[in-house]
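Everything on this sheet refers to the single structure shown next.
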Amino acid sequence: MQRRDTRISRGRFLKAMGAAGVAGSTLSVLSACQMNTSSTGGGSSGGGPEEKKLNFYNWSDYVAASTIPSFTEKTGIEVTQDFFSSNEDLLAKLQAGGSGYDVIVPSDYMVAIMIKSKVIQKLDKSKIPNAKNVSADYRGLSFDPKNQYSLPYQWGTTGILYNRKEIGQLDATWDAMWDPRFEGEVSMLNDTRETLGAALYKLGYSVNATDPEQLAEANAELQKQKPLLRGYFDSTEARPLVQNGDLLLGHVFSGDAFVALSENEDLDYLVPQPAATRWTDTMCIPATAPHPDNAHKFINHILDANVGAKLSNYTYYNSPNGAALPMIDGALKDLPGYTLPREVFERLEVIEDTGETTREYERIFTEVKSS
Ligand code: SPD
């Protein structure tokens with residue numbers, strides 16, 4: 001598949017920026033084949049220099065066309081990329097042992113769980129000089145206060161992508177996802193913490209609730225909502241359905257929303273009140289990684305300023321790389337909801353490890369999906 005590193009169409013770009021903005025833009029048009037494959041290679045280094053291979057386990061549609069080819073060009077290391085669709089699936093893969101992956105991309109709360117479960121290894125920061133590029137807001141986060149195990153990849157929000165032309169401008173709440181007028185035209189994320197989180201937010205509770213009564217209420221909200229849903233979809237599945245008018249509303253991650261918005265001006269993206277999720281995806285090295293040295297080189301590559309800018313200019317997620325920020329396309333920064341005012345940033349919640357209660361979250365989501 002041939003894709004450009006930057007996806008904002010010229011027409012949309014002009015609209016978002018105005019003529020003066022375009023003149024000063026950093027819009028880049030690079031072509032490269034996306035080197036995604038679906039097979040996992042193993043290959044231990046056997047004590048000597050590592051073989052020139054790296055196995056990358058990532059969310060889908062989450063590298064720019066140039067990200068992997070430029071790494072291979074720089075280092076001679078060939079990358080195999082596989083995909084997962086939730087943090088829980090990623091954990092299960094690692095816990096099954098011997099995954100063969102060298103770099104993985106868990107989100108915030110899952111890093112804490114993986115540290116506890118000893119499935120990831122400490123990073124050798126002397127091998128990652130570009131770690132200096134990470135913005136202050138993305139260093140030392142609560143799930144890994146000294147960044148001993150993780151460095152940030154991308155960050156974003158979770159909200160509602162909807163067809164404003166069809167249903168009008170929505171209030172900034174979660175209510176539309178429970179509105180019987182939209183029966184059969186709505187999807188929620190196939191994601192335990194995010195979807196229970198939406199129910200908890202709607203009830204005015206925290207996404208990290210551990211009170212059994214609050215979780216029971218969230219369960220009831222999801223049971224009430226289920227008959228209205230087309231299904232529980234991954235964000236990358238929901239995006240084209242909302243984009244082409246097949247769904248009216250989708251619970252999605254922000255990058256998918258911004259891709260859809262840049263293609264269809266009838267759509268809008270809402271980060272509801274009283275709260276919604278702000279998340280950080282990170283790069284970690286599994287304890288059993290066959291190529292840890294190559295993994296450090298890859299993490300260092302992602303944190304390069306130019307590589308980081310091209311990554312976000314493709315994924316439409318936000319960059320935790322301070323050195324990359326001046327190279328983020330102006331049109332992207334201007335899309336509604338991309339650049340968060342400080343008070344919105346502070347109001348959003350971050351999903352945390354809820355310890356023993358994690359099982360209850362999983363039990364409820366399984367029960368809702370199978371009811
Ligand atoms: N297509 C890439 C999506 C990455 C989303 N990760 C977000 C996890 C939030 N809990």
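Chain labels A, B, ... are given in the sequence in which chains occur in the structure tokens; within each chain residues are numbered consecutively from 1, and ligands are likewise numbered from 1 in the order shown.
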
**Request:** Please extract the residues at most 10 Å from ligand 1, counting only C-alpha atoms and all ligand atoms, and provide them as a ChimeraX atom specification, using the chain letters and residue numbers of this document.
**Result:** /A:58-63,83-87,105-110,153-158,189,191-195,234-237,252-256,277-282,315-317,350-351

**Request:** Please provide the set of residues having any atom within 10 Å of Lys333 in chain A, restricted to only C-alpha atoms, with same-chain residues fewer than 4 positions apart removed, written as number ranges by chain.
**Result:** A: 16-17, 313, 316, 318, 325, 328-329, 337-340

Selected residues, all heavy atoms, written as an mmCIF file, in the first residue's frame, please.
data_model
loop_
_atom_site.group_PDB
_atom_site.id
_atom_site.type_symbol
_atom_site.label_atom_id
_atom_site.label_comp_id
_atom_site.auth_asym_id
_atom_site.auth_seq_id
_atom_site.Cartn_x
_atom_site.Cartn_y
_atom_site.Cartn_z
ATOM 1 N N ALA A 16 -8.478 24.741 6.962
ATOM 2 C CA ALA A 16 -8.113 24.800 8.373
ATOM 3 C C ALA A 16 -7.132 25.935 8.654
ATOM 4 O O ALA A 16 -7.172 26.562 9.696
ATOM 5 C CB ALA A 16 -7.500 23.473 8.808
ATOM 6 N N MET A 17 -6.245 26.183 7.715
ATOM 7 C CA MET A 17 -5.166 27.125 7.969
ATOM 8 C C MET A 17 -5.467 28.544 7.489
ATOM 9 O O MET A 17 -4.975 29.504 8.051
ATOM 10 C CB MET A 17 -3.900 26.683 7.227
ATOM 11 C CG MET A 17 -3.268 25.438 7.780
ATOM 12 S SD MET A 17 -2.540 25.759 9.388
ATOM 13 C CE MET A 17 -1.120 26.740 8.902
ATOM 14 N N ASN A 313 2.340 13.466 12.327
ATOM 15 C CA ASN A 313 1.706 14.047 11.142
ATOM 16 C C ASN A 313 0.998 12.974 10.319
ATOM 17 O O ASN A 313 0.157 13.284 9.480
ATOM 18 C CB ASN A 313 2.734 14.782 10.274
ATOM 19 C CG ASN A 313 3.134 16.110 10.888
ATOM 20 O OD1 ASN A 313 2.392 16.683 11.679
ATOM 21 N ND2 ASN A 313 4.315 16.609 10.540
ATOM 22 N N TYR A 316 -2.010 11.366 13.324
ATOM 23 C CA TYR A 316 -2.909 12.420 13.811
ATOM 24 C C TYR A 316 -3.104 12.341 15.327
ATOM 25 O O TYR A 316 -4.039 12.915 15.886
ATOM 26 C CB TYR A 316 -4.280 12.394 13.115
ATOM 27 C CG TYR A 316 -4.238 12.892 11.669
ATOM 28 C CD1 TYR A 316 -3.054 13.011 10.962
ATOM 29 C CD2 TYR A 316 -5.400 13.262 11.015
ATOM 30 C CE1 TYR A 316 -3.033 13.461 9.648
ATOM 31 C CE2 TYR A 316 -5.386 13.713 9.711
ATOM 32 C CZ TYR A 316 -4.198 13.805 9.035
ATOM 33 O OH TYR A 316 -4.181 14.252 7.749
ATOM 34 N N ASN A 318 -1.243 13.035 19.185
ATOM 35 C CA ASN A 318 -0.354 14.078 19.694
ATOM 36 C C ASN A 318 1.018 13.495 20.010
ATOM 37 O O ASN A 318 1.141 12.318 20.342
ATOM 38 C CB ASN A 318 -0.949 14.696 20.953
ATOM 39 C CG ASN A 318 -2.259 15.405 20.678
ATOM 40 O OD1 ASN A 318 -3.277 14.775 20.448
ATOM 41 N ND2 ASN A 318 -2.243 16.718 20.670
ATOM 42 N N LEU A 325 7.506 19.016 18.218
ATOM 43 C CA LEU A 325 6.295 19.860 18.185
ATOM 44 C C LEU A 325 6.349 20.990 17.152
ATOM 45 O O LEU A 325 5.360 21.221 16.452
ATOM 46 C CB LEU A 325 5.979 20.417 19.583
ATOM 47 C CG LEU A 325 5.563 19.358 20.623
ATOM 48 C CD1 LEU A 325 5.211 20.018 21.959
ATOM 49 C CD2 LEU A 325 4.384 18.521 20.123
ATOM 50 N N ILE A 328 5.060 19.768 13.791
ATOM 51 C CA ILE A 328 3.704 19.207 13.617
ATOM 52 C C ILE A 328 2.925 20.158 12.716
ATOM 53 O O ILE A 328 2.970 21.385 12.891
ATOM 54 C CB ILE A 328 2.983 19.062 14.985
ATOM 55 C CG1 ILE A 328 3.759 18.131 15.923
ATOM 56 C CG2 ILE A 328 1.545 18.555 14.783
ATOM 57 C CD1 ILE A 328 3.946 16.708 15.453
ATOM 58 N N ASP A 329 2.229 19.580 11.730
ATOM 59 C CA ASP A 329 1.496 20.406 10.771
ATOM 60 C C ASP A 329 0.541 21.364 11.464
ATOM 61 O O ASP A 329 -0.247 20.957 12.320
ATOM 62 C CB ASP A 329 0.688 19.525 9.805
ATOM 63 C CG ASP A 329 1.583 18.896 8.768
ATOM 64 O OD1 ASP A 329 2.628 19.489 8.441
ATOM 65 O OD2 ASP A 329 1.250 17.795 8.289
ATOM 66 N N GLY A 337 -10.116 20.187 18.968
ATOM 67 C CA GLY A 337 -9.860 19.115 19.930
ATOM 68 C C GLY A 337 -8.441 18.571 19.888
ATOM 69 O O GLY A 337 -8.057 17.797 20.749
ATOM 70 N N TYR A 338 -7.633 18.984 18.884
ATOM 71 C CA TYR A 338 -6.267 18.440 18.811
ATOM 72 C C TYR A 338 -5.373 19.130 19.841
ATOM 73 O O TYR A 338 -4.683 18.483 20.619
ATOM 74 C CB TYR A 338 -5.682 18.602 17.403
ATOM 75 C CG TYR A 338 -4.304 17.958 17.274
ATOM 76 C CD1 TYR A 338 -4.186 16.600 16.965
ATOM 77 C CD2 TYR A 338 -3.140 18.684 17.480
ATOM 78 C CE1 TYR A 338 -2.945 15.993 16.878
ATOM 79 C CE2 TYR A 338 -1.891 18.091 17.393
ATOM 80 C CZ TYR A 338 -1.798 16.749 17.084
ATOM 81 O OH TYR A 338 -0.569 16.142 17.010
ATOM 82 N N THR A 339 -5.411 20.456 19.825
ATOM 83 C CA THR A 339 -4.609 21.203 20.795
ATOM 84 C C THR A 339 -5.509 21.495 21.990
ATOM 85 O O THR A 339 -6.493 22.214 21.868
ATOM 86 C CB THR A 339 -4.106 22.515 20.149
ATOM 87 O OG1 THR A 339 -3.391 22.163 18.964
ATOM 88 C CG2 THR A 339 -3.197 23.282 21.085
ATOM 89 N N LEU A 340 -5.166 20.879 23.121
ATOM 90 C CA LEU A 340 -6.065 20.995 24.280
ATOM 91 C C LEU A 340 -5.693 22.196 25.140
ATOM 92 O O LEU A 340 -4.535 22.327 25.551
ATOM 93 C CB LEU A 340 -5.977 19.733 25.144
ATOM 94 C CG LEU A 340 -6.427 18.423 24.499
ATOM 95 C CD1 LEU A 340 -6.252 17.267 25.493
ATOM 96 C CD2 LEU A 340 -7.882 18.498 24.054
#

**Close residues, range 204-217 of chain A itself excluded, 9 Å, only C-alpha atoms, min 3 positions apart in chain, as JSON, numbers by chain** = {"A": [193, 194, 196, 197, 198, 199, 200, 201, 220, 221, 222, 274, 275, 276, 277, 349, 350, 351, 352, 353, 354, 356, 357, 358, 360, 361, 364]}

Keeping only C-alpha atoms, write the selected residues to a file as a PDB file, in the first residue's frame.
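Written output follows (result.pdb):
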ATOM      1  CA  ARG A 193     -11.394   0.158  30.600  1.00  0.00           C
ATOM      2  CA  GLU A 194     -12.478   2.704  27.984  1.00  0.00           C
ATOM      3  CA  LEU A 196     -16.632   0.876  31.362  1.00  0.00           C
ATOM      4  CA  GLY A 197     -14.945   4.250  31.726  1.00  0.00           C
ATOM      5  CA  ALA A 198     -17.544   5.941  29.512  1.00  0.00           C
ATOM      6  CA  ALA A 199     -20.327   4.517  31.699  1.00  0.00           C
ATOM      7  CA  LEU A 200     -18.532   5.642  34.868  1.00  0.00           C
ATOM      8  CA  TYR A 201     -17.963   9.133  33.455  1.00  0.00           C
ATOM      9  CA  ALA A 220     -26.335  -1.510  34.492  1.00  0.00           C
ATOM     10  CA  GLU A 221     -25.636   1.497  32.232  1.00  0.00           C
ATOM     11  CA  LEU A 222     -23.829  -0.723  29.719  1.00  0.00           C
ATOM     12  CA  PRO A 274     -17.762  15.839  33.082  1.00  0.00           C
ATOM     13  CA  ALA A 275     -14.724  13.784  32.064  1.00  0.00           C
ATOM     14  CA  ALA A 276     -13.129  11.648  29.373  1.00  0.00           C
ATOM     15  CA  THR A 277      -9.834   9.791  29.012  1.00  0.00           C
ATOM     16  CA  GLU A 349      -8.654  11.474  33.501  1.00  0.00           C
ATOM     17  CA  VAL A 350      -5.820   9.001  33.053  1.00  0.00           C
ATOM     18  CA  ILE A 351      -6.650   5.290  33.373  1.00  0.00           C
ATOM     19  CA  GLU A 352      -4.704   3.725  36.252  1.00  0.00           C
ATOM     20  CA  ASP A 353      -4.008   0.196  37.412  1.00  0.00           C
ATOM     21  CA  THR A 354      -6.935  -0.622  39.724  1.00  0.00           C
ATOM     22  CA  GLU A 356      -7.503  -6.369  42.433  1.00  0.00           C
ATOM     23  CA  THR A 357     -10.500  -4.579  40.912  1.00  0.00           C
ATOM     24  CA  THR A 358      -9.119  -5.136  37.407  1.00  0.00           C
ATOM     25  CA  GLU A 360     -14.104  -7.094  38.191  1.00  0.00           C
ATOM     26  CA  TYR A 361     -13.758  -4.695  35.255  1.00  0.00           C
ATOM     27  CA  ILE A 364     -18.344  -6.956  33.840  1.00  0.00           C
TER      28      ILE A 364
END

**Prompt:** Hey, which of A:Phe365, A:Phe143, A:Phe345, A:Tyr149 ends up closest to Met283 in chain A? Count only C-alpha atoms.
**Reply:** A:Tyr149

**Residue contacts of Leu141 in chain A (10 Å, only C-alpha atoms) excluding same-chain residues fewer than 3 positions away, as a list in words** =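 The contact residues come out as Asp108, Ala136, Asp137, Tyr138, Asp144, Pro145, Lys146, Asn147, Ser150, Leu151, Pro152 and Thr280 of chain A.
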
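Secondary structure by DSSP on the backbone puts the following residues of range 161-234 of chain A in alpha helix (DSSP H): Arg164, Lys165, Glu166, Ile167, Thr192, Arg193, Glu194, Thr195, Leu196, Gly197, Ala198, Ala199, Leu200, Tyr201, Lys202, Pro212, Glu213, Gln214, Leu215, Ala216, Glu217, Ala218, Asn219, Ala220, Glu221, Leu222, Gln223, Lys224 and Gln225 of chain A.
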
**Message:** What does the structure give for the distance between CA of Ser370 in chain A and CA of Leu228 in chain A, in Å to one decimal?
**Reply:** 15.0 Å

**Message:** Excluding Lys52 in chain A and its own-chain neighbours fewer than 2 positions away, which residues fall within 7 Å of it when counting only C-alpha atoms? Please give them as a list in words.
**Reply:** Glu50, Gly76, Ile77 and Glu78 of chain A

**Request:** Run DSSP on the backbone and grab whatever in range 70-139 of chain A lands in strand (DSSP E or B); send it over as an MDAnalysis selection string.
**Result:** chainID A and resid 78:84 103:104 107 120:121 134

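Coordinates place CA of Asn55 in chain A at a distance of 24.2 Å from CA of Asn133 in chain A.
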
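Nearest residue to Leu311 in chain A, choosing from A:Ser135, A:Gln121, A:Gly168, A:Ala324 and counting only C-alpha atoms: A:Ala324.
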
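When only C-alpha atoms are used to compute distances to Thr72 in chain A, the closest of the residues A:Lys369, A:Phe298, A:Arg347, A:Leu94 turns out to be A:Phe298.
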
**Message:** Just to confirm, what's the straight-line distance from CA of Ile299 in chain A to CA of Thr80 in chain A in Å (one decimal)?
**Reply:**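 Distance reported for this atom pair: 14.9 Å.
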
**Asked** Which residue, A:Val134, A:Ser142, A:Leu90, A:Ile167, has the smallest gap to Ile302 in chain A when you use only C-alpha atoms?
**Response**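 Of the candidates, the smallest distance to Ile302 in chain A is held by A:Val134.
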
Compile a residue-level contact table for range 257-301 of chain A against range 97-102 of chain A at a cut-off of 8 Å, reporting for every qualifying residue the shortest atom pair and its distance in Å to one decimal, with only C-alpha atoms counted, rows ordered by chain and ascending number, as a Markdown table.
| residue | atom | partner | partner_atom | distance |
| --- | --- | --- | --- | --- |
| A:Ile285 | CA | A:Asp102 | CA | 5.6 |
| A:Pro286 | CA | A:Asp102 | CA | 6.2 |
| A:Thr288 | CA | A:Gly98 | CA | 6.3 |
| A:Ala289 | CA | A:Asp102 | CA | 4.6 |
| A:Pro290 | CA | A:Gly100 | CA | 6.3 |
| A:His291 | CA | A:Asp102 | CA | 5.9 |
| A:Pro292 | CA | A:Asp102 | CA | 6.2 |
| A:Asn294 | CA | A:Asp102 | CA | 7.9 |
| A:Ala295 | CA | A:Asp102 | CA | 5.6 |

Given the selection you just returned, output its residues as a file containing N, CA, C and O atoms, formatted as a compact mmCIF listing (two decimals), in the first residue's frame.
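As written to disk, selection_38.txt reads:
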# COMPACT_ATOMS: atom_id res chain seq x y z
N ILE A 285 10.21 -2.75 26.38
CA ILE A 285 10.90 -3.94 25.85
C ILE A 285 10.51 -5.15 26.71
O ILE A 285 10.74 -5.14 27.93
N PRO A 286 9.89 -6.17 26.11
CA PRO A 286 9.53 -7.35 26.90
C PRO A 286 10.75 -7.99 27.56
O PRO A 286 11.87 -7.92 27.02
N THR A 288 11.58 -10.93 27.67
CA THR A 288 12.15 -12.02 26.87
C THR A 288 12.55 -11.57 25.45
O THR A 288 12.74 -12.42 24.58
N ALA A 289 12.67 -10.26 25.26
CA ALA A 289 12.96 -9.76 23.90
C ALA A 289 14.23 -10.41 23.33
O ALA A 289 15.28 -10.40 23.99
N PRO A 290 14.18 -10.96 22.12
CA PRO A 290 15.38 -11.59 21.55
C PRO A 290 16.43 -10.58 21.07
O PRO A 290 17.60 -10.94 20.94
N HIS A 291 15.99 -9.31 20.83
CA HIS A 291 16.94 -8.32 20.29
C HIS A 291 16.88 -7.03 21.09
O HIS A 291 16.48 -5.97 20.56
N PRO A 292 17.25 -7.06 22.38
CA PRO A 292 17.08 -5.86 23.22
C PRO A 292 17.93 -4.67 22.76
O PRO A 292 17.51 -3.51 22.90
N ASN A 294 18.75 -3.91 19.64
CA ASN A 294 18.03 -3.31 18.51
C ASN A 294 16.79 -2.55 18.99
O ASN A 294 16.43 -1.51 18.43
N ALA A 295 16.18 -3.08 20.05
CA ALA A 295 14.98 -2.43 20.59
C ALA A 295 15.34 -1.03 21.11
O ALA A 295 14.61 -0.06 20.88

**Option closest in space to Asp82 in chain A, from A:Leu241, A:Ile104, A:Val119, A:Asn190 [counting only C-alpha atoms]** =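 Looking at the shortest contact to Asp82 in chain A, the residue is A:Ile104.
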